[in-house]
$ cat start-v1.cif   # mmCIF, C-alpha atoms and all ligand atoms
data_upload
loop_
_atom_site.label_atom_id
_atom_site.label_comp_id
_atom_site.auth_asym_id
_atom_site.auth_seq_id
_atom_site.Cartn_x
_atom_site.Cartn_y
_atom_site.Cartn_z
CA MET A 1 43.51 -3.98 2.73
CA PRO A 2 40.29 -2.01 2.67
CA ALA A 3 39.86 0.72 5.23
CA THR A 4 37.29 3.44 5.28
CA ALA A 5 37.28 6.79 6.98
CA SER A 6 34.06 8.63 7.52
CA ARG A 7 32.56 10.62 10.32
CA PRO A 8 29.78 13.15 9.91
CA GLU A 9 30.84 16.55 11.18
CA ALA A 10 28.60 17.25 14.13
CA GLY A 11 27.37 20.85 14.30
CA ARG A 12 30.22 22.59 12.49
CA PRO A 13 30.64 26.16 13.76
CA GLU A 14 30.50 27.31 10.14
CA ALA A 15 26.98 25.87 9.81
CA SER A 16 25.72 27.94 12.72
CA ASP A 17 27.33 31.22 11.48
CA ARG A 18 25.79 30.52 8.13
CA TYR A 19 22.40 29.94 9.68
CA GLN A 20 22.60 33.18 11.68
CA ALA A 21 23.49 35.25 8.58
CA GLY A 22 20.71 33.65 6.51
CA ARG A 23 18.20 34.06 9.31
CA ARG A 24 19.00 37.74 9.84
CA VAL A 25 18.64 38.73 6.19
CA THR A 26 15.46 36.68 5.75
CA LEU A 27 13.85 38.16 8.87
CA ILE A 28 14.59 41.66 7.54
CA ALA A 29 13.09 40.66 4.18
CA ALA A 30 9.99 39.32 5.94
CA GLY A 31 9.70 42.62 7.84
CA ILE A 32 9.88 44.54 4.56
CA ASN A 33 7.23 42.31 2.98
CA LEU A 34 4.95 42.76 5.98
CA PHE A 35 5.40 46.54 5.83
CA LEU A 36 4.76 46.63 2.06
CA ALA A 37 1.69 44.40 2.39
CA LEU A 38 0.27 46.77 5.00
CA ILE A 39 0.84 50.01 3.06
CA LYS A 40 -0.43 48.37 -0.15
CA PHE A 41 -3.61 47.15 1.53
CA ALA A 42 -4.10 50.57 3.13
CA GLY A 43 -3.36 52.40 -0.13
CA GLY A 44 -5.54 50.02 -2.11
CA ILE A 45 -8.52 50.39 0.21
CA PHE A 46 -8.28 54.17 0.61
CA ALA A 47 -7.43 54.89 -3.05
CA HIS A 48 -9.88 52.24 -4.34
CA SER A 49 -7.09 50.66 -6.37
CA GLN A 50 -7.59 47.03 -7.41
CA ALA A 51 -4.02 46.90 -8.63
CA LEU A 52 -2.63 47.88 -5.23
CA ILE A 53 -4.75 45.29 -3.44
CA ALA A 54 -3.52 42.62 -5.86
CA ASP A 55 0.01 43.82 -5.12
CA ALA A 56 -0.67 43.57 -1.39
CA ILE A 57 -1.75 39.95 -1.81
CA ASP A 58 1.51 39.34 -3.68
CA SER A 59 3.52 40.81 -0.78
CA THR A 60 1.61 38.57 1.64
CA ALA A 61 2.50 35.55 -0.49
CA ASP A 62 6.13 36.70 -0.34
CA LEU A 63 5.92 36.49 3.44
CA PHE A 64 5.16 32.79 3.11
CA SER A 65 8.14 32.18 0.87
CA ASP A 66 10.34 33.98 3.45
CA MET A 67 8.98 31.56 6.04
CA ALA A 68 9.85 28.62 3.77
CA VAL A 69 13.40 30.02 3.55
CA LEU A 70 13.63 30.40 7.34
CA TYR A 71 12.45 26.82 7.72
CA GLY A 72 14.97 25.57 5.14
CA ALA A 73 17.82 27.52 6.76
CA ARG A 74 17.03 26.16 10.21
CA GLN A 75 16.69 22.58 9.01
CA SER A 76 19.87 22.59 6.92
CA ALA A 77 21.93 23.94 9.85
CA ARG A 78 21.11 20.89 11.96
CA ALA A 79 23.85 18.33 12.52
CA PRO A 80 23.42 14.91 10.89
CA ASP A 81 21.25 12.51 12.89
CA ALA A 82 20.14 8.89 12.62
CA LYS A 83 17.30 9.72 10.26
CA HIS A 84 19.39 12.05 8.06
CA PRO A 85 22.92 10.65 8.30
CA TYR A 86 24.15 12.78 5.38
CA GLY A 87 23.00 15.98 7.09
CA HIS A 88 20.04 18.19 6.28
CA GLY A 89 21.47 20.25 3.40
CA ARG A 90 19.04 18.76 0.91
CA ILE A 91 16.07 20.29 2.76
CA GLU A 92 17.44 23.64 1.61
CA THR A 93 17.62 22.23 -1.91
CA LEU A 94 13.95 21.27 -1.78
CA VAL A 95 13.01 24.81 -0.72
CA SER A 96 15.10 26.10 -3.66
CA VAL A 97 13.14 23.89 -6.06
CA PHE A 98 9.96 25.34 -4.60
CA LEU A 99 11.24 28.94 -4.94
CA GLY A 100 12.34 28.29 -8.52
CA GLY A 101 8.83 27.05 -9.27
CA VAL A 102 7.33 30.14 -7.63
CA LEU A 103 9.52 32.39 -9.83
CA LEU A 104 8.40 30.54 -12.97
CA ALA A 105 4.75 30.86 -11.93
CA THR A 106 5.26 34.57 -11.18
CA ALA A 107 6.76 35.11 -14.63
CA ALA A 108 3.88 33.27 -16.28
CA GLY A 109 1.36 35.33 -14.30
CA ILE A 110 2.97 38.67 -15.18
CA SER A 111 3.21 37.91 -18.90
CA LEU A 112 -0.33 36.51 -19.12
CA HIS A 113 -1.66 39.61 -17.46
CA ALA A 114 0.38 41.86 -19.75
CA ALA A 115 -0.71 39.94 -22.86
CA GLN A 116 -4.34 40.40 -21.83
CA ARG A 117 -3.83 44.14 -21.55
CA LEU A 118 -2.10 44.25 -24.93
CA LEU A 119 -4.97 42.38 -26.60
CA ASP A 120 -7.58 44.44 -24.83
CA PRO A 121 -6.23 48.02 -24.67
CA GLU A 122 -9.38 49.21 -22.87
CA GLN A 123 -7.95 47.53 -19.79
CA ILE A 124 -4.87 49.72 -19.74
CA LEU A 125 -5.65 51.95 -16.80
CA PRO A 126 -2.87 54.19 -15.57
CA PRO A 127 -2.18 53.53 -11.89
CA GLY A 128 -3.06 56.36 -9.52
CA PRO A 129 -0.67 58.45 -7.39
CA ALA A 130 -1.05 56.08 -4.41
CA ALA A 131 0.28 53.20 -6.50
CA LEU A 132 3.08 55.46 -7.68
CA ALA A 133 4.21 56.33 -4.15
CA VAL A 134 4.04 52.72 -3.00
CA ALA A 135 5.92 51.61 -6.11
CA VAL A 136 8.80 53.99 -5.38
CA VAL A 137 9.06 52.79 -1.76
CA ALA A 138 8.84 49.15 -2.85
CA ILE A 139 11.52 49.52 -5.52
CA ALA A 140 13.96 51.08 -3.06
CA LEU A 141 13.36 48.55 -0.26
CA LYS A 142 13.22 45.49 -2.50
CA GLU A 143 16.29 46.41 -4.50
CA TRP A 144 18.22 46.89 -1.26
CA ILE A 145 17.08 43.59 0.27
CA TYR A 146 17.77 41.86 -3.07
CA ARG A 147 21.41 42.95 -2.97
CA TYR A 148 21.78 42.11 0.72
CA THR A 149 20.22 38.65 0.34
CA LEU A 150 22.23 37.85 -2.78
CA ARG A 151 25.47 38.78 -1.00
CA VAL A 152 24.71 36.59 2.02
CA GLY A 153 23.57 33.79 -0.31
CA ARG A 154 26.87 33.85 -2.20
CA GLU A 155 28.97 34.12 0.95
CA THR A 156 27.24 31.13 2.50
CA ARG A 157 26.92 29.13 -0.75
CA SER A 158 23.15 29.02 -0.28
CA ARG A 159 21.25 28.56 -3.50
CA MET A 160 18.09 28.91 -1.47
CA LEU A 161 19.02 32.44 -0.36
CA GLU A 162 20.04 33.32 -3.92
CA ALA A 163 16.62 32.11 -5.06
CA ASN A 164 14.94 34.25 -2.43
CA ALA A 165 17.09 37.22 -3.45
CA TRP A 166 15.82 36.90 -7.00
CA HIS A 167 12.33 36.65 -5.66
CA GLN A 168 12.87 40.01 -3.93
CA ARG A 169 14.12 41.47 -7.18
CA THR A 170 11.07 40.32 -9.14
CA ASP A 171 9.00 42.40 -6.73
CA SER A 172 11.15 45.46 -7.24
CA ILE A 173 10.97 44.91 -11.00
CA SER A 174 7.20 44.60 -11.03
CA SER A 175 7.00 47.88 -9.14
CA LEU A 176 9.33 49.32 -11.76
CA VAL A 177 6.88 48.12 -14.41
CA VAL A 178 4.14 50.05 -12.62
CA LEU A 179 6.33 53.17 -12.79
CA THR A 180 7.08 52.57 -16.47
CA GLY A 181 3.37 52.19 -17.10
CA VAL A 182 2.64 55.53 -15.45
CA GLY A 183 5.48 57.21 -17.33
CA GLY A 184 4.35 55.59 -20.58
CA SER A 185 0.76 56.72 -20.28
CA LEU A 186 1.91 60.22 -19.34
CA LEU A 187 4.01 60.23 -22.53
CA GLY A 188 1.06 58.91 -24.53
CA MET A 189 2.52 55.39 -24.93
CA PRO A 190 0.13 53.14 -23.00
CA TYR A 191 1.68 50.02 -24.56
CA LEU A 192 4.96 50.62 -22.78
CA ASP A 193 3.71 49.05 -19.53
CA PRO A 194 2.60 45.61 -20.84
CA VAL A 195 5.57 45.38 -23.20
CA ALA A 196 8.00 46.12 -20.37
CA ALA A 197 6.14 43.62 -18.19
CA ILE A 198 6.60 40.85 -20.76
CA GLY A 199 10.30 41.65 -21.10
CA VAL A 200 10.71 41.48 -17.34
CA SER A 201 8.81 38.21 -17.04
CA VAL A 202 11.20 36.61 -19.54
CA LEU A 203 14.10 37.63 -17.27
CA ILE A 204 12.35 36.27 -14.17
CA ALA A 205 11.49 33.02 -15.94
CA ARG A 206 15.14 32.54 -16.90
CA VAL A 207 16.31 32.98 -13.30
CA GLY A 208 13.51 30.72 -12.04
CA TRP A 209 14.34 28.02 -14.55
CA GLU A 210 18.05 28.15 -13.70
CA LEU A 211 17.36 27.79 -9.97
CA LEU A 212 14.89 25.01 -10.54
CA TRP A 213 17.29 23.20 -12.85
CA GLN A 214 20.34 23.55 -10.57
CA SER A 215 18.44 22.44 -7.48
CA ALA A 216 16.74 19.57 -9.27
CA SER A 217 20.07 18.35 -10.66
CA GLU A 218 21.47 18.52 -7.13
CA LEU A 219 18.63 16.24 -6.04
CA ALA A 220 19.61 13.93 -8.90
CA ASP A 221 23.15 13.73 -7.45
CA SER A 222 24.98 15.66 -10.17
CA ALA A 223 28.73 15.95 -9.67
CA LEU A 224 30.49 19.18 -8.66
CA ALA A 225 31.82 21.48 -11.37
CA ARG A 226 34.72 20.01 -13.32
CA GLU A 227 37.37 22.35 -11.88
CA ARG A 228 36.32 21.51 -8.30
CA VAL A 229 36.59 17.79 -9.06
CA ALA A 230 40.04 18.46 -10.54
CA ALA A 231 41.05 20.33 -7.37
CA ILE A 232 39.88 17.41 -5.22
CA ARG A 233 41.87 15.03 -7.41
CA ARG A 234 45.02 17.16 -7.06
CA THR A 235 44.64 17.40 -3.28
CA ILE A 236 44.34 13.62 -2.93
CA ARG A 237 47.31 12.94 -5.23
CA ASP A 238 49.45 15.29 -3.13
CA VAL A 239 48.96 13.18 0.00
CA GLU A 240 52.01 11.13 0.94
CA GLY A 241 51.54 7.41 0.31
CA VAL A 242 48.87 7.81 -2.37
CA HIS A 243 49.81 5.82 -5.48
CA GLY A 244 46.67 6.53 -7.46
CA LEU A 245 42.94 7.05 -7.26
CA HIS A 246 39.84 5.96 -9.11
CA MET A 247 36.05 6.04 -8.81
CA LEU A 248 36.10 9.60 -7.46
CA ARG A 249 32.47 10.61 -6.93
CA THR A 250 31.11 13.96 -5.75
CA ARG A 251 27.65 15.30 -5.08
CA ARG A 252 26.05 18.27 -3.40
CA ALA A 253 23.78 18.51 -0.39
CA GLY A 254 22.67 22.13 -0.09
CA PRO A 255 25.79 24.15 0.73
CA ASP A 256 27.89 21.04 1.31
CA ALA A 257 29.70 18.66 -0.99
CA LEU A 258 30.13 14.95 -0.29
CA VAL A 259 33.04 13.01 -1.74
CA ASP A 260 33.81 9.33 -2.03
CA VAL A 261 36.90 7.90 -3.63
CA HIS A 262 39.04 4.77 -4.02
CA VAL A 263 42.70 5.42 -3.22
CA GLN A 264 45.52 3.06 -4.12
CA VAL A 265 48.35 2.58 -1.63
CA ASN A 266 51.38 0.32 -1.31
CA PRO A 267 49.84 -3.17 -0.93
CA HIS A 268 52.28 -4.13 1.83
CA ILE A 269 51.58 -1.41 4.37
CA SER A 270 49.43 -2.32 7.37
CA VAL A 271 45.70 -1.77 7.60
CA SER A 272 46.24 0.92 10.22
CA GLU A 273 48.70 2.80 8.00
CA GLY A 274 46.17 2.63 5.16
CA HIS A 275 43.55 3.97 7.51
CA ARG A 276 45.90 6.76 8.60
CA ILE A 277 46.31 7.80 4.96
CA ALA A 278 42.52 7.70 4.49
CA GLU A 279 41.97 9.92 7.53
CA HIS A 280 44.62 12.34 6.31
CA ILE A 281 42.94 12.61 2.89
CA ARG A 282 39.64 13.32 4.60
CA GLU A 283 41.11 16.04 6.81
CA ARG A 284 42.94 17.69 3.90
CA LEU A 285 39.86 17.77 1.65
CA ILE A 286 37.64 19.22 4.38
CA ARG A 287 40.28 21.79 5.30
CA ASP A 288 41.33 22.85 1.78
CA LEU A 289 38.02 22.76 -0.08
CA ASP A 290 35.39 25.03 1.46
CA GLU A 291 32.33 23.14 0.33
CA VAL A 292 33.53 19.62 1.18
CA SER A 293 31.89 18.50 4.42
CA ASP A 294 32.39 14.74 4.38
CA VAL A 295 34.67 12.28 2.61
CA LEU A 296 34.57 8.51 2.39
CA VAL A 297 37.91 6.97 1.42
CA HIS A 298 38.13 3.38 0.28
CA ILE A 299 41.72 2.11 0.45
CA ASP A 300 42.78 -0.15 -2.43
CA THR A 301 45.95 -2.15 -2.95
CA GLU A 302 45.39 -2.23 -6.68
CA ASP A 303 43.25 -0.66 -9.35
CA ASP A 304 40.15 -2.81 -8.90
CA GLN A 305 37.85 -1.06 -11.33
CA SER A 306 37.22 -4.34 -13.12
CA PHE A 307 35.12 -5.94 -10.43
CA GLU A 308 35.50 -9.53 -11.53
CA ARG A 309 39.09 -9.88 -10.34
CA GLY A 310 39.70 -11.55 -7.00
CA ARG A 311 36.05 -12.00 -6.21
CA THR A 312 36.32 -15.73 -5.71
CA LEU A 313 39.44 -15.73 -3.52
CA PRO A 314 38.94 -17.53 -0.18
CA LEU A 315 38.90 -15.61 3.09
CA ARG A 316 41.31 -16.19 5.96
CA ALA A 317 39.58 -19.02 7.89
CA ASP A 318 39.36 -21.19 4.80
CA LEU A 319 42.85 -20.29 3.56
CA GLU A 320 44.60 -20.66 6.92
CA ARG A 321 43.05 -24.11 7.32
CA GLN A 322 44.43 -25.11 3.89
CA ILE A 323 47.86 -23.63 4.66
CA ARG A 324 48.22 -25.24 8.09
CA GLY A 325 46.92 -28.54 6.71
CA THR A 326 49.40 -28.49 3.83
CA ILE A 327 52.46 -27.94 6.06
CA ALA A 328 51.19 -30.01 9.03
CA ASP A 329 53.83 -32.73 8.70
CA VAL A 330 56.79 -30.32 8.46
CA PRO A 331 58.45 -30.30 11.92
CA GLY A 332 57.98 -26.88 13.56
CA ALA A 333 54.91 -26.02 11.44
CA GLU A 334 52.69 -26.13 14.52
CA GLN A 335 54.73 -23.20 15.85
CA VAL A 336 53.73 -20.79 13.05
CA ARG A 337 52.78 -17.69 15.02
CA GLN A 338 51.27 -15.53 12.38
CA VAL A 339 50.04 -15.95 8.83
CA LEU A 340 49.91 -12.75 6.77
CA LEU A 341 47.87 -12.83 3.57
CA HIS A 342 48.35 -10.50 0.60
CA TYR A 343 45.58 -10.46 -1.97
CA ASP A 344 46.61 -9.17 -5.37
CA ALA A 345 44.01 -9.46 -8.13
CA ASP A 346 43.45 -13.25 -8.27
CA ARG A 347 46.74 -14.19 -6.61
CA ILE A 348 47.61 -14.64 -2.96
CA GLY A 349 50.93 -14.03 -1.21
CA VAL A 350 51.58 -15.72 2.14
CA GLU A 351 53.98 -14.67 4.93
CA LEU A 352 54.65 -17.08 7.79
CA HIS A 353 56.14 -15.90 11.08
CA LEU A 354 58.00 -18.55 13.13
CA PRO A 355 59.95 -18.28 16.38
CA LEU A 356 63.67 -17.63 15.92
CA GLU A 357 64.55 -20.69 18.04
CA LEU A 358 63.53 -22.93 15.10
CA ALA A 359 66.43 -21.51 13.07
CA PRO A 360 69.67 -21.87 15.10
CA ASP A 361 71.75 -20.91 12.04
CA ALA A 362 71.32 -19.64 8.49
CA ALA A 363 71.51 -23.09 6.92
CA ALA A 364 68.81 -24.47 9.23
CA ALA A 365 66.64 -21.43 8.53
CA ARG A 366 67.00 -21.83 4.78
CA SER A 367 66.24 -25.54 4.93
CA LEU A 368 63.12 -25.15 7.10
CA ALA A 369 61.90 -22.26 4.96
CA GLU A 370 62.19 -24.38 1.80
CA ARG A 371 60.33 -27.31 3.38
CA LEU A 372 57.48 -24.96 4.37
CA LYS A 373 57.36 -23.05 1.10
CA THR A 374 57.44 -25.82 -1.48
CA PRO A 375 54.14 -27.56 -0.59
CA LEU A 376 52.35 -24.22 -0.18
CA TYR A 377 52.69 -23.43 -3.89
CA ASP A 378 50.15 -26.21 -4.45
CA VAL A 379 47.48 -24.32 -2.49
CA PRO A 380 45.14 -22.74 -5.07
CA HIS A 381 45.91 -19.03 -5.84
CA VAL A 382 49.09 -18.99 -3.72
CA VAL A 383 51.93 -17.62 -5.87
CA ASP A 384 54.34 -16.23 -3.32
CA VAL A 385 55.46 -17.48 0.10
CA ALA A 386 57.86 -15.79 2.52
CA VAL A 387 59.07 -17.22 5.84
CA HIS A 388 60.25 -14.96 8.68
CA PHE A 389 61.95 -16.02 11.87
CA VAL A 390 61.13 -13.52 14.58
CA ILE A 391 62.16 -12.95 18.17
ZN ZN B 401 38.21 5.52 10.43
ZN ZN B 402 38.89 0.51 -6.05
#
$ encode --input "start-v1.cif" --output "structure tokens"
Amino acid sequence: MPATASRPEAGRPEASDRYQAGRRVTLIAAGINLFLALIKFAGGIFAHSQALIADAIDSTADLFSDMAVLYGARQSARAPDAKHPYGHGRIETLVSVFLGGVLLATAAGISLHAAQRLLDPEQILPPGPAALAVAVVAIALKEWIYRYTLRVGRETRSRMLEANAWHQRTDSISSLVVLTGVGGSLLGMPYLDPVAAIGVSVLIARVGWELLWQSASELADSALARERVAAIRRTIRDVEGVHGLHMLRTRRAGPDALVDVHVQVNPHISVSEGHRIAEHIRERLIRDLDEVSDVLVHIDTEDDQSFERGRTLPLRADLERQIRGTIADVPGAEQVRQVLLHYDADRIGVELHLPLELAPDAAAARSLAERLKTPLYDVPHVVDVAVHFVI
């Protein structure tokens, strides 16, 4: 009695709230990056500071990563369509992979640069006052937007926004390194700057690697965390009519989680009741587990994890022909109204429905039932036959 229940949620209101929150914080971040790029370029040109101009180029590059985030947020908020029937959450995941890679590259760049300065101390030039002023402004703005973005990212379960938040923080940290460098050279410790820079780049690399790894494993269809899978299992078991479950599979698509599962029910309920149970499981999971956005329930009458069982059993047309042929010469057999089939592993149960008029009394009913049942046990796979007389 297999029944499935699946329907992609079209344009959930949650998806649009989520998009609005992500869009707002990213637009503010882009505004900050634009502002910083402008004052760094201006400061660099007027104060003849190479370092500031390099920093300005970095802020311009940050603008592009904000645009990638805006693109990812807009795409992932779209409802599923024919080309992307599972929704667009994975587009956000792809952007996260990209941002993780950018963080790793940033870390490598910072530490290479610092190592060069350590090996060649002549290059250690204390940044001028213009760089100092810009650094202070950048630290304040970037630290604020880092916290804001991280909060929205966590609230909306967006790894992409979390990645962008960390990107903002790397900028505030590299400005902090500039400050440390100035302080260090004022205190007569010119090595402080490159050493601090290397320490910071290790931190950035760790965050970048984690984001890259999490997003890449999402693309490889890794399951949800163990306790979430356990919660899904508990929720399904709690549903009335569920006798057991197996082959529970979960995976992520951006902020969403997709679930598919085999659920065992009483083998003698109707297909529509099985379907009702499947729909109920789907509704419960979507309602009770925040991240679950779609569920596919496969209704089983038995634990069919060993796939060999029952594979060769005949389908109805073939079987009904055999059944009707076998009982053809029993008087009244032509009046069989309905043949119900019950498949159980490699056995088949048969229920015949006949009009009540064929059984005027209990003795006649019993006798006709026996005459119908006995030959049917010779039909291959048939192990159980029931005869009903119905009005
Ligand atoms: Zn359905
Ligand atoms: Zn199954």
$ atom_distance --input "start-v1.cif" --atom1 "CA of Leu354 (chain A)" --atom2 "CA of Lys373 (chain A)"
12.9 Å
$ residues_around --input "start-v1.cif" --residues "Gly100 (chain A)" --least-positions-apart "4" --cutoff "7 Å" --atoms "only C-alpha atoms" --output "VMD selection string"
chain A and resid 96 104 163 208 to 209 211 to 212
$ atom_distance --input "start-v1.cif" --atom1 "CA of Arg287 (chain A)" --atom2 "CA of Glu218 (chain A)"
22.8 Å
$ residues_around --input "start-v1.cif" --residues "region 173-189 of chain A" --least-positions-apart "3" --cutoff "10 Å" --atoms "only C-alpha atoms" --output "count of residues only"
36
$ closest_residue --input "start-v1.cif" --among "A:Trp213, A:Ala47, A:Val69, A:Thr250" --to "Ala230 (chain A)" --atoms "all atoms listed in the file"
A:Thr250
$ closest_atom_pairs --input "start-v1.cif" --of "chain A" --to "ligand ZN 402 (chain B)" --cutoff "9 Å" --atoms "only C-alpha atoms and all ligand atoms" --output "JSON lines"
{"residue": "A:Leu245", "atom": "CA", "partner": "B:ZN402", "partner_atom": "ZN", "distance": 7.8}
{"residue": "A:His246", "atom": "CA", "partner": "B:ZN402", "partner_atom": "ZN", "distance": 6.3}
{"residue": "A:Met247", "atom": "CA", "partner": "B:ZN402", "partner_atom": "ZN", "distance": 6.8}
{"residue": "A:Val261", "atom": "CA", "partner": "B:ZN402", "partner_atom": "ZN", "distance": 8.0}
{"residue": "A:His262", "atom": "CA", "partner": "B:ZN402", "partner_atom": "ZN", "distance": 4.7}
{"residue": "A:Val263", "atom": "CA", "partner": "B:ZN402", "partner_atom": "ZN", "distance": 6.8}
{"residue": "A:Gln264", "atom": "CA", "partner": "B:ZN402", "partner_atom": "ZN", "distance": 7.4}
{"residue": "A:His298", "atom": "CA", "partner": "B:ZN402", "partner_atom": "ZN", "distance": 7.0}
{"residue": "A:Ile299", "atom": "CA", "partner": "B:ZN402", "partner_atom": "ZN", "distance": 7.3}
{"residue": "A:Asp300", "atom": "CA", "partner": "B:ZN402", "partner_atom": "ZN", "distance": 5.4}
{"residue": "A:Thr301", "atom": "CA", "partner": "B:ZN402", "partner_atom": "ZN", "distance": 8.2}
{"residue": "A:Glu302", "atom": "CA", "partner": "B:ZN402", "partner_atom": "ZN", "distance": 7.1}
{"residue": "A:Asp303", "atom": "CA", "partner": "B:ZN402", "partner_atom": "ZN", "distance": 5.6}
{"residue": "A:Asp304", "atom": "CA", "partner": "B:ZN402", "partner_atom": "ZN", "distance": 4.6}
{"residue": "A:Gln305", "atom": "CA", "partner": "B:ZN402", "partner_atom": "ZN", "distance": 5.6}
{"residue": "A:Ser306", "atom": "CA", "partner": "B:ZN402", "partner_atom": "ZN", "distance": 8.7}
{"residue": "A:Phe307", "atom": "CA", "partner": "B:ZN402", "partner_atom": "ZN", "distance": 8.7}
$ residues_around --input "start-v1.cif" --residues "Glu320 (chain A)" --least-positions-apart "2" --cutoff "12 Å" --atoms "only C-alpha atoms" --output "VMD selection string"
chain A and resid 314 to 318 322 to 328 336 to 341 348 350 to 352 376 379 382
$ atom_distance --input "start-v1.cif" --atom1 "CA of Ser16 (chain A)" --atom2 "CA of Phe64 (chain A)"
23.2 Å
$ residues_around --input "start-v1.cif" --residues "Arg90 (chain A)" --least-positions-apart "6" --cutoff "8 Å" --atoms "only C-alpha atoms" --output "PyMOL selection string"
chain A and resi 76+219+253-254
$ closest_residue --input "start-v1.cif" --among "A:Ala333, A:Ala79, A:Ala362, A:Leu203" --to "Ala107 (chain A)" --atoms "all atoms listed in the file"
A:Leu203
$ closest_residue --input "start-v1.cif" --among "A:Leu34, A:Ala365, A:Ile277, A:Ala386" --to "ligand ZN 401 (chain B)" --atoms "all atoms listed in the file"
A:Ile277
$ axis_aligned_box --input "start-v1.cif" --around "region 134-150 of chain A" --padding-each-side "4 Å" --output "JSON"
{"center_x": 13.1, "center_y": 45.9, "center_z": -2.7, "size_x": 26.2, "size_y": 24.1, "size_z": 14.8}
$ closest_residue --input "start-v1.cif" --among "A:Val297, A:Leu112, A:Val152, A:Ala105" --to "Thr26 (chain A)" --atoms "all atoms listed in the file"
A:Val152
$ closest_residue --input "start-v1.cif" --among "A:Asp290, A:Asp66, A:Asp256, A:Glu227" --to "Arg23 (chain A)" --atoms "all atoms listed in the file"
A:Asp66
$ residues_around --input "start-v1.cif" --residues "Asp238 (chain A)" --least-positions-apart "5" --cutoff "12 Å" --atoms "all atoms listed in the file" --output "PyMOL selection string"
chain A and resi 231-233+243-245+263+277+280-281+284-285
$ write_last_selection --input "start-v1.cif" --atoms "C-alpha atoms" --output "PDB file, in the coordinates of the input"
ATOM      1  CA  ALA A 231      41.050  20.330  -7.370  1.00  0.00           C
ATOM      2  CA  ILE A 232      39.880  17.410  -5.220  1.00  0.00           C
ATOM      3  CA  ARG A 233      41.870  15.030  -7.410  1.00  0.00           C
ATOM      4  CA  HIS A 243      49.810   5.820  -5.480  1.00  0.00           C
ATOM      5  CA  GLY A 244      46.670   6.530  -7.460  1.00  0.00           C
ATOM      6  CA  LEU A 245      42.940   7.050  -7.260  1.00  0.00           C
ATOM      7  CA  VAL A 263      42.700   5.420  -3.220  1.00  0.00           C
ATOM      8  CA  ILE A 277      46.310   7.800   4.960  1.00  0.00           C
ATOM      9  CA  HIS A 280      44.620  12.340   6.310  1.00  0.00           C
ATOM     10  CA  ILE A 281      42.940  12.610   2.890  1.00  0.00           C
ATOM     11  CA  ARG A 284      42.940  17.690   3.900  1.00  0.00           C
ATOM     12  CA  LEU A 285      39.860  17.770   1.650  1.00  0.00           C
TER      13      LEU A 285
END
